[in-house]
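Engineer: Data file target-v8.cif (mmCIF, C-alpha atoms) is appended below.
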```cif
data_final
#
loop_
_atom_site.label_atom_id
_atom_site.label_comp_id
_atom_site.auth_asym_id
_atom_site.auth_seq_id
_atom_site.Cartn_x
_atom_site.Cartn_y
_atom_site.Cartn_z
CA MET A 13 8.20 121.74 53.78
CA PRO A 14 7.36 124.14 50.91
CA ILE A 15 6.59 122.75 47.47
CA LYS A 16 9.50 123.89 45.30
CA ASP A 17 9.96 121.16 42.71
CA VAL A 18 7.07 119.60 40.78
CA PHE A 19 6.90 116.91 38.14
CA LEU A 20 4.55 116.72 35.16
CA PRO A 21 4.37 113.43 33.18
CA LEU A 22 3.23 113.86 29.58
CA VAL A 23 1.61 110.74 28.17
CA GLY A 24 -1.26 109.99 25.83
CA GLN A 25 -2.69 111.94 22.94
CA PRO A 26 -2.68 115.74 22.53
CA ARG A 27 -6.46 116.14 22.68
CA GLY A 28 -7.97 119.52 23.50
CA PRO A 29 -8.76 118.76 27.17
CA ALA A 30 -5.28 117.31 27.70
CA LEU A 31 -3.64 120.47 26.37
CA VAL A 32 -5.80 122.66 28.62
CA ALA A 33 -4.90 120.43 31.60
CA ILE A 34 -1.19 120.89 30.86
CA GLU A 35 -1.66 124.66 30.88
CA LYS A 36 -3.52 124.52 34.21
CA CYS A 37 -0.85 122.28 35.77
CA VAL A 38 1.84 124.76 34.77
CA ALA A 39 -0.24 127.58 36.27
CA VAL A 40 -0.47 125.68 39.58
CA ALA A 41 3.31 125.25 39.66
CA ALA A 42 3.73 128.96 38.97
CA ASP A 43 1.31 129.85 41.77
CA LEU A 44 3.33 127.65 44.14
CA GLY A 45 6.55 129.35 43.06
CA ALA A 46 8.00 125.98 42.09
CA ARG A 47 10.20 124.69 39.29
CA ILE A 48 8.42 122.29 36.94
CA THR A 49 9.93 119.34 35.08
CA ALA A 50 8.00 117.64 32.26
CA LEU A 51 8.78 114.16 30.98
CA ALA A 52 7.22 112.98 27.72
CA LEU A 53 7.41 109.23 27.19
CA GLU A 54 6.59 107.48 23.93
CA GLN A 55 5.66 103.84 23.74
CA ASP A 56 8.44 101.78 22.19
CA VAL A 57 6.60 99.17 20.13
CA PHE A 58 8.48 96.13 18.85
CA GLU A 59 7.42 95.11 15.36
CA ARG A 60 8.51 91.98 13.56
CA PRO A 61 10.50 92.67 10.39
CA LYS A 62 8.33 92.31 7.32
CA VAL A 63 8.61 92.70 3.60
CA MET A 64 7.28 96.09 2.62
CA LEU A 65 6.16 97.16 -0.81
CA PRO A 66 7.21 100.62 -1.98
CA TYR A 67 3.74 102.09 -1.64
CA ASP A 68 3.45 100.69 1.92
CA ARG A 69 6.63 102.45 3.05
CA ASP A 70 5.15 105.95 2.84
CA SER A 71 2.14 105.08 4.99
CA ALA A 72 4.35 103.37 7.59
CA GLU A 73 6.60 106.42 7.83
CA ALA A 74 3.56 108.66 8.21
CA GLY A 75 2.27 106.52 11.09
CA SER A 76 5.63 106.69 12.85
CA SER A 77 5.71 110.45 12.35
CA ASN A 78 2.25 110.80 13.92
CA GLU A 79 3.32 108.86 17.04
CA VAL A 80 6.33 111.11 17.51
CA ASN A 81 4.15 114.10 16.76
CA ASP A 82 1.80 113.29 19.68
CA SER A 83 4.66 113.50 22.14
CA GLN A 84 6.02 116.64 20.51
CA GLN A 85 2.62 118.35 20.63
CA LEU A 86 2.38 117.67 24.37
CA LEU A 87 5.86 119.09 24.83
CA ASN A 88 5.01 122.11 22.71
CA ALA A 89 1.94 122.81 24.83
CA PHE A 90 4.08 122.56 27.96
CA THR A 91 6.76 124.87 26.56
CA ILE A 92 4.22 127.51 25.54
CA ALA A 93 2.46 127.35 28.90
CA ALA A 94 5.73 127.54 30.84
CA SER A 95 6.93 130.50 28.80
CA GLY A 96 3.65 132.34 29.36
CA ALA A 97 3.74 131.64 33.10
CA ASN A 98 7.34 132.87 33.39
CA ILE A 99 8.27 129.81 35.44
CA ARG A 100 11.50 127.87 35.76
CA ALA A 101 10.94 124.82 33.58
CA GLN A 102 12.76 121.93 32.00
CA SER A 103 11.64 119.01 29.87
CA ARG A 104 12.85 115.57 28.84
CA THR A 105 11.75 112.91 26.38
CA GLY A 106 12.17 109.17 26.14
CA LYS A 107 10.96 106.02 24.45
CA VAL A 108 10.30 102.95 26.60
CA PRO A 109 8.28 99.70 26.41
CA ALA A 110 4.62 100.20 27.27
CA ASP A 111 4.76 97.99 30.36
CA GLN A 112 7.55 100.13 31.87
CA ILE A 113 6.03 103.59 31.42
CA ALA A 114 4.24 103.71 34.78
CA ALA A 115 7.24 102.45 36.77
CA ILE A 116 9.68 104.85 35.08
CA LEU A 117 7.39 107.82 35.71
CA ALA A 118 7.06 106.79 39.38
CA GLU A 119 10.87 106.65 39.67
CA HIS A 120 11.19 110.18 38.30
CA ALA A 121 8.51 111.39 40.72
CA ARG A 122 10.72 110.46 43.68
CA PHE A 123 12.87 113.49 42.92
CA SER A 124 10.06 116.03 43.23
CA ASP A 125 7.88 117.42 46.00
CA LEU A 126 4.65 116.88 44.07
CA THR A 127 3.53 115.25 40.82
CA LEU A 128 0.82 116.93 38.74
CA PHE A 129 -1.11 114.46 36.62
CA PRO A 130 -3.88 115.13 34.05
CA VAL A 131 -6.62 112.50 34.36
CA MET A 132 -8.86 111.17 31.62
CA PRO A 133 -12.23 110.03 33.03
CA HIS A 134 -12.54 106.28 33.59
CA ASP A 135 -9.40 105.42 31.62
CA SER A 136 -7.73 102.16 32.66
CA ARG A 137 -4.26 103.22 31.52
CA THR A 138 -4.44 106.46 33.50
CA GLU A 139 -5.67 104.60 36.59
CA HIS A 140 -2.80 102.10 36.32
CA ILE A 141 -0.23 104.90 36.16
CA ILE A 142 -1.78 106.69 39.14
CA GLU A 143 -1.85 103.50 41.22
CA THR A 144 1.81 102.86 40.38
CA PHE A 145 2.67 106.41 41.47
CA LEU A 146 0.86 105.97 44.77
CA PHE A 147 2.58 102.71 45.67
CA GLU A 148 6.05 103.26 44.18
CA SER A 149 6.92 106.97 44.18
CA GLY A 150 6.61 107.81 47.89
CA ARG A 151 5.38 111.27 46.87
CA PRO A 152 1.95 112.95 46.73
CA LEU A 153 -0.04 113.35 43.54
CA LEU A 154 -2.19 116.26 42.41
CA LEU A 155 -4.81 115.03 39.96
CA CYS A 156 -6.13 117.40 37.28
CA PRO A 157 -9.45 116.23 35.77
CA GLU A 158 -9.22 116.89 32.04
CA GLN A 159 -13.01 117.06 31.63
CA HIS A 160 -13.15 120.01 34.06
CA ALA A 161 -9.86 121.64 33.09
CA GLU A 162 -11.46 124.72 31.51
CA GLN A 163 -13.21 125.61 34.78
CA LEU A 164 -10.35 124.81 37.19
CA ARG A 165 -8.59 127.62 39.00
CA PRO A 166 -4.83 127.34 39.69
CA GLU A 167 -5.25 129.03 43.09
CA PHE A 168 -6.55 126.79 45.86
CA GLU A 169 -8.55 129.19 47.99
CA ASN A 170 -11.19 126.70 49.15
CA VAL A 171 -9.79 123.31 50.17
CA MET A 172 -11.58 120.27 51.55
CA ILE A 173 -9.86 117.56 53.61
CA ALA A 174 -11.58 114.18 53.22
CA TRP A 175 -10.93 112.85 56.73
CA ASP A 176 -11.40 109.26 57.88
CA HIS A 177 -8.92 109.13 60.79
CA SER A 178 -6.59 106.82 58.83
CA ALA A 179 -2.79 106.95 58.66
CA ARG A 180 -3.06 107.64 54.92
CA ALA A 181 -5.34 110.64 55.46
CA ALA A 182 -2.90 111.97 58.07
CA ARG A 183 -0.05 111.56 55.57
CA ALA A 184 -2.05 113.47 52.95
CA VAL A 185 -2.69 116.35 55.38
CA GLY A 186 1.03 116.56 56.15
CA ASP A 187 1.95 116.56 52.45
CA ALA A 188 -0.64 119.25 51.74
CA LEU A 189 0.34 121.66 54.53
CA PRO A 190 1.84 124.29 52.16
CA ILE A 191 -1.41 124.33 50.17
CA LEU A 192 -3.57 124.38 53.31
CA GLN A 193 -1.56 127.27 54.77
CA ALA A 194 -2.10 129.33 51.62
CA ALA A 195 -5.84 128.61 51.42
CA THR A 196 -8.53 131.08 52.47
CA SER A 197 -10.92 128.38 53.66
CA VAL A 198 -10.17 124.81 54.82
CA ARG A 199 -13.00 122.43 55.70
CA VAL A 200 -12.48 119.00 57.24
CA VAL A 201 -15.25 116.65 56.14
CA THR A 202 -16.08 113.14 57.38
CA VAL A 203 -18.78 110.91 55.92
CA ALA A 204 -20.45 109.82 59.16
CA ASP A 205 -22.56 106.84 58.10
CA ASP A 206 -21.77 103.85 60.37
CA LYS A 207 -18.64 105.61 61.69
CA ALA A 208 -17.37 104.93 65.18
CA ASP A 209 -17.45 107.82 67.61
CA ALA A 210 -13.64 107.86 67.66
CA ILE A 211 -13.49 108.69 63.96
CA VAL A 212 -16.00 111.53 64.24
CA GLN A 213 -14.30 112.86 67.37
CA SER A 214 -10.94 112.90 65.59
CA GLY A 215 -12.14 115.72 63.33
CA PRO A 216 -11.90 118.44 66.00
CA ALA A 217 -8.52 117.01 67.01
CA LEU A 218 -7.28 117.52 63.44
CA VAL A 219 -8.66 121.07 63.42
CA ASP A 220 -6.74 121.76 66.63
CA HIS A 221 -3.55 120.33 65.13
CA LEU A 222 -3.90 122.42 61.96
CA ARG A 223 -4.31 125.57 64.05
CA GLU A 224 -0.75 125.07 65.33
CA HIS A 225 0.38 125.37 61.69
CA GLY A 226 -1.59 128.54 61.04
CA VAL A 227 -4.47 126.74 59.32
CA TYR A 228 -7.88 127.71 60.74
CA ALA A 229 -10.17 124.94 59.56
CA SER A 230 -13.75 123.94 60.32
CA PHE A 231 -15.08 120.41 60.80
CA GLU A 232 -18.35 118.84 59.74
CA THR A 233 -19.88 115.47 59.05
CA VAL A 234 -22.09 114.49 56.12
CA THR A 235 -24.31 111.47 55.60
CA GLY A 236 -24.13 109.20 52.60
CA ASN A 237 -27.81 108.27 52.37
CA GLY A 238 -26.88 105.05 50.62
CA SER A 239 -24.40 106.55 48.12
CA SER A 240 -20.75 105.55 47.99
CA ILE A 241 -18.36 107.66 50.05
CA GLY A 242 -16.46 108.71 46.94
CA LYS A 243 -19.60 110.06 45.30
CA VAL A 244 -20.70 111.79 48.50
CA LEU A 245 -17.36 113.57 48.83
CA GLY A 246 -17.38 114.56 45.16
CA SER A 247 -20.91 115.94 45.34
CA TRP A 248 -20.11 117.85 48.53
CA ALA A 249 -16.99 119.38 46.97
CA LYS A 250 -18.93 120.52 43.90
CA SER A 251 -21.89 121.94 45.81
CA HIS A 252 -19.62 123.89 48.17
CA GLY A 253 -17.33 125.29 45.47
CA MET A 254 -14.16 123.51 46.56
CA ASP A 255 -11.05 124.18 44.47
CA ALA A 256 -9.27 121.07 45.74
CA ILE A 257 -9.71 117.92 47.83
CA VAL A 258 -6.96 116.48 50.04
CA MET A 259 -7.30 112.75 50.77
CA GLY A 260 -5.44 109.56 51.56
CA ALA A 261 -5.40 106.64 49.15
CA TYR A 262 -6.52 103.03 49.63
CA HIS A 263 -7.79 102.89 53.20
CA HIS A 264 -8.64 99.24 52.54
CA SER A 265 -6.24 96.82 50.87
CA ARG A 266 -5.38 97.68 47.28
CA LEU A 267 -6.77 94.35 46.01
CA ASN A 268 -10.03 94.94 47.90
CA GLU A 269 -10.52 98.31 46.27
CA ILE A 270 -9.55 97.08 42.80
CA VAL A 271 -12.06 94.22 43.01
CA TRP A 272 -14.90 95.91 44.91
CA GLY A 273 -14.31 99.58 44.17
CA GLY A 274 -13.86 102.20 46.85
CA VAL A 275 -13.26 105.85 47.56
CA THR A 276 -9.85 105.90 45.85
CA LYS A 277 -11.11 104.14 42.72
CA THR A 278 -14.10 106.47 42.46
CA VAL A 279 -12.01 109.62 42.76
CA ILE A 280 -9.23 108.41 40.43
CA GLY A 281 -11.82 107.38 37.85
CA GLN A 282 -13.38 110.83 37.71
CA PRO A 283 -11.95 113.53 40.01
CA PRO A 284 -14.55 116.26 40.68
CA CYS A 285 -11.88 118.97 40.98
CA TRP A 286 -8.17 119.14 41.80
CA VAL A 287 -7.40 116.21 44.13
CA MET A 288 -4.19 115.92 46.16
CA ILE A 289 -3.77 112.30 47.12
CA SER A 290 -1.12 110.47 49.16
CA HIS A 291 -0.46 106.92 50.31
#
```
Any chance you could give the structure as structure tokens?
Structural biologist:
Amino acid sequence: MPIKDVFLPLVGQPRGPALVAIEKCVAVAADLGARITALALEQDVFERPKVMLPYDRDSAEAGSSNEVNDSQQLLNAFTIAASGANIRAQSRTGKVPADQIAAILAEHARFSDLTLFPVMPHDSRTEHIIETFLFESGRPLLLCPEQHAEQLRPEFENVMIAWDHSARAARAVGDALPILQAATSVRVVTVADDKADAIVQSGPALVDHLREHGVYASFETVTGNGSSIGKVLGSWAKSHGMDAIVMGAYHHSRLNEIVWGGVTKTVIGQPPCWVMISH
């Protein structure tokens, strides 16, 4: 199914990297020929009523204005980027309690083909939102690493599939088919340390399957040499000039990965490039 409707949550502060990431996300939607919908959510903070002196009132109003201004600056960046990209776009705003932001964003994502999400490196709030998306939206995510946003290209010519023979990886490949079909080069990569023969042998089977969809991919294995799989995949993607990685999320139980770490946690914490991830 082609990607025709994408969703862009706007949360956090309008820092420089975040604004660049918004622009790059809009450019990706334009390259896909999709409509893009942005949703900016502000945190609705309950404050106990208090007696306020006249000179305190001005500073309180200024603080409130700054909070609203953060959301508006994100929306402004989106509007400018969408106008420049000549893309069909719409935007919405809202104010909700902090503990509901992730769930509400995941609900909105259900009505799109793909969610684009700017990622701050090693940020617990961002990771919580991404995990909620993965388990509650039923839709794939495309992560945009803010720290690399300046160098990211919106066209995915070189795509890597992180393959581990799992149902989640297969789901990710299916979700990514429109991107894989448009790519110039697709490489299926398996980290082979301590892998059963069946997992390694499944790589050529995936290549054969992709060929039926017009995707002519290659397959190779890499060794970890003691490093975590997430770091190995990230290093391989960087050294081979990959524009995007396609991967499944949480091969082990979610609790296992949260407690002990894992491929998903490593990639969410600091994506090396664009990462399309499904669960």
Engineer: Between A:Val38, A:Leu126, A:Met132, A:Ile15, which has the minimum distance to A:Phe145 (counting all atoms listed in the file)?
Structural biologist: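 Ranked by minimum distance to A:Phe145, first place goes to A:Leu126.
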Engineer: Would you please work out which residue, of A:Met172, A:Ala204, A:Ala101, A:Ala249, is nearest to A:Gly236 when using all atoms listed in the file?
Structural biologist: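 Answer, going by the shortest atom-to-atom distance: A:Ala204.
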Engineer: Please expand the PyMOL selection byres ((chain A and resi 85) around 12) into the concrete residues it hits in this file, giving the result as a list in words.
Structural biologist: Leu22, Val23, Gly24, Gln25, Pro26, Arg27, Gly28, Ala30, Leu31, Ile34, Ala52, Ser77, Asn78, Glu79, Val80, Asn81, Asp82, Ser83, Gln84, Leu86, Leu87, Asn88, Ala89, Phe90, Thr91 and Ile92 of chain A
Engineer: With C-alpha atoms retained, could you export that selection as a compact mmCIF listing (two decimals), keeping the file's coordinate frame?
Structural biologist:
```
# COMPACT_ATOMS: atom_id res chain seq x y z
CA LEU A 22 3.23 113.86 29.58
CA VAL A 23 1.61 110.74 28.17
CA GLY A 24 -1.26 109.99 25.83
CA GLN A 25 -2.69 111.94 22.94
CA PRO A 26 -2.68 115.74 22.53
CA ARG A 27 -6.46 116.14 22.68
CA GLY A 28 -7.97 119.52 23.50
CA ALA A 30 -5.28 117.31 27.70
CA LEU A 31 -3.64 120.47 26.37
CA ILE A 34 -1.19 120.89 30.86
CA ALA A 52 7.22 112.98 27.72
CA SER A 77 5.71 110.45 12.35
CA ASN A 78 2.25 110.80 13.92
CA GLU A 79 3.32 108.86 17.04
CA VAL A 80 6.33 111.11 17.51
CA ASN A 81 4.15 114.10 16.76
CA ASP A 82 1.80 113.29 19.68
CA SER A 83 4.66 113.50 22.14
CA GLN A 84 6.02 116.64 20.51
CA LEU A 86 2.38 117.67 24.37
CA LEU A 87 5.86 119.09 24.83
CA ASN A 88 5.01 122.11 22.71
CA ALA A 89 1.94 122.81 24.83
CA PHE A 90 4.08 122.56 27.96
CA THR A 91 6.76 124.87 26.56
CA ILE A 92 4.22 127.51 25.54
```
Engineer: Provide the atom CA of A:Arg104 to atom CA of A:Pro152 distance in Å, to one decimal place.
Structural biologist: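 If I compute the distance from atom CA of A:Arg104 to atom CA of A:Pro152, I get 21.1 Å.
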Engineer: Identify which of the residues A:Gln55, A:Thr202, A:Gln213, A:Thr138 lies closest to A:Leu245, counting all atoms listed in the file when measuring atom-to-atom distances.
Structural biologist: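 Comparing A:Gln55, A:Thr202, A:Gln213, A:Thr138 against A:Leu245, the winner is A:Thr202.
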Engineer: From the set A:Pro283, A:Ile211, A:Lys36, A:Val108, which residue has the shortest atom-to-atom contact distance to A:Ala181, counting all atoms listed in the file?
Structural biologist: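 Using all atoms listed in the file, A:Ala181 sits closest to A:Ile211.
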Engineer: Point out the residue among A:Gly260, A:Pro21, A:Pro157, A:Gly246 with the least atom-to-atom distance to A:Ile113, counting only C-alpha atoms.
Structural biologist: A:Pro21
Engineer: Choose the residue, out of A:Thr196, A:Ala50, A:Leu128, A:Trp175, that has the smallest atom-to-atom separation from A:Gly106; count only C-alpha atoms.
Structural biologist: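 Nearest to A:Gly106: A:Ala50.
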Engineer: Give as an NGL selection string the residues that the PyMOL selection byres ((chain A and resi 217) around 12) matches when applied to the coordinates above.
Structural biologist: :A and (175 or 177 or 182 or 200 or 210-216 or 218-224 or 229-231)
Engineer: Just to confirm, what's the straight-line distance from atom CA of A:Gly45 to atom CA of A:Phe19 in Å (one decimal)?
Structural biologist: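 Atom-to-atom, atom CA of A:Gly45 to atom CA of A:Phe19, that is 13.4 Å.
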Engineer: Find the axis-aligned box for stretch 15-29 of chain A, covering all its listed atoms and adding 3 Å on each side, and write its centre and edge lengths in Å to one decimal as AutoDock Vina command-line options.
Structural biologist:
```
--center_x 0.6 --center_y 116.9 --center_z 35.0 --size_x 24.7 --size_y 19.9 --size_z 30.9
```
Engineer: Quick one, how far is atom CA of A:His160 from atom CA of A:Ala33?
Structural biologist: 8.6 Å
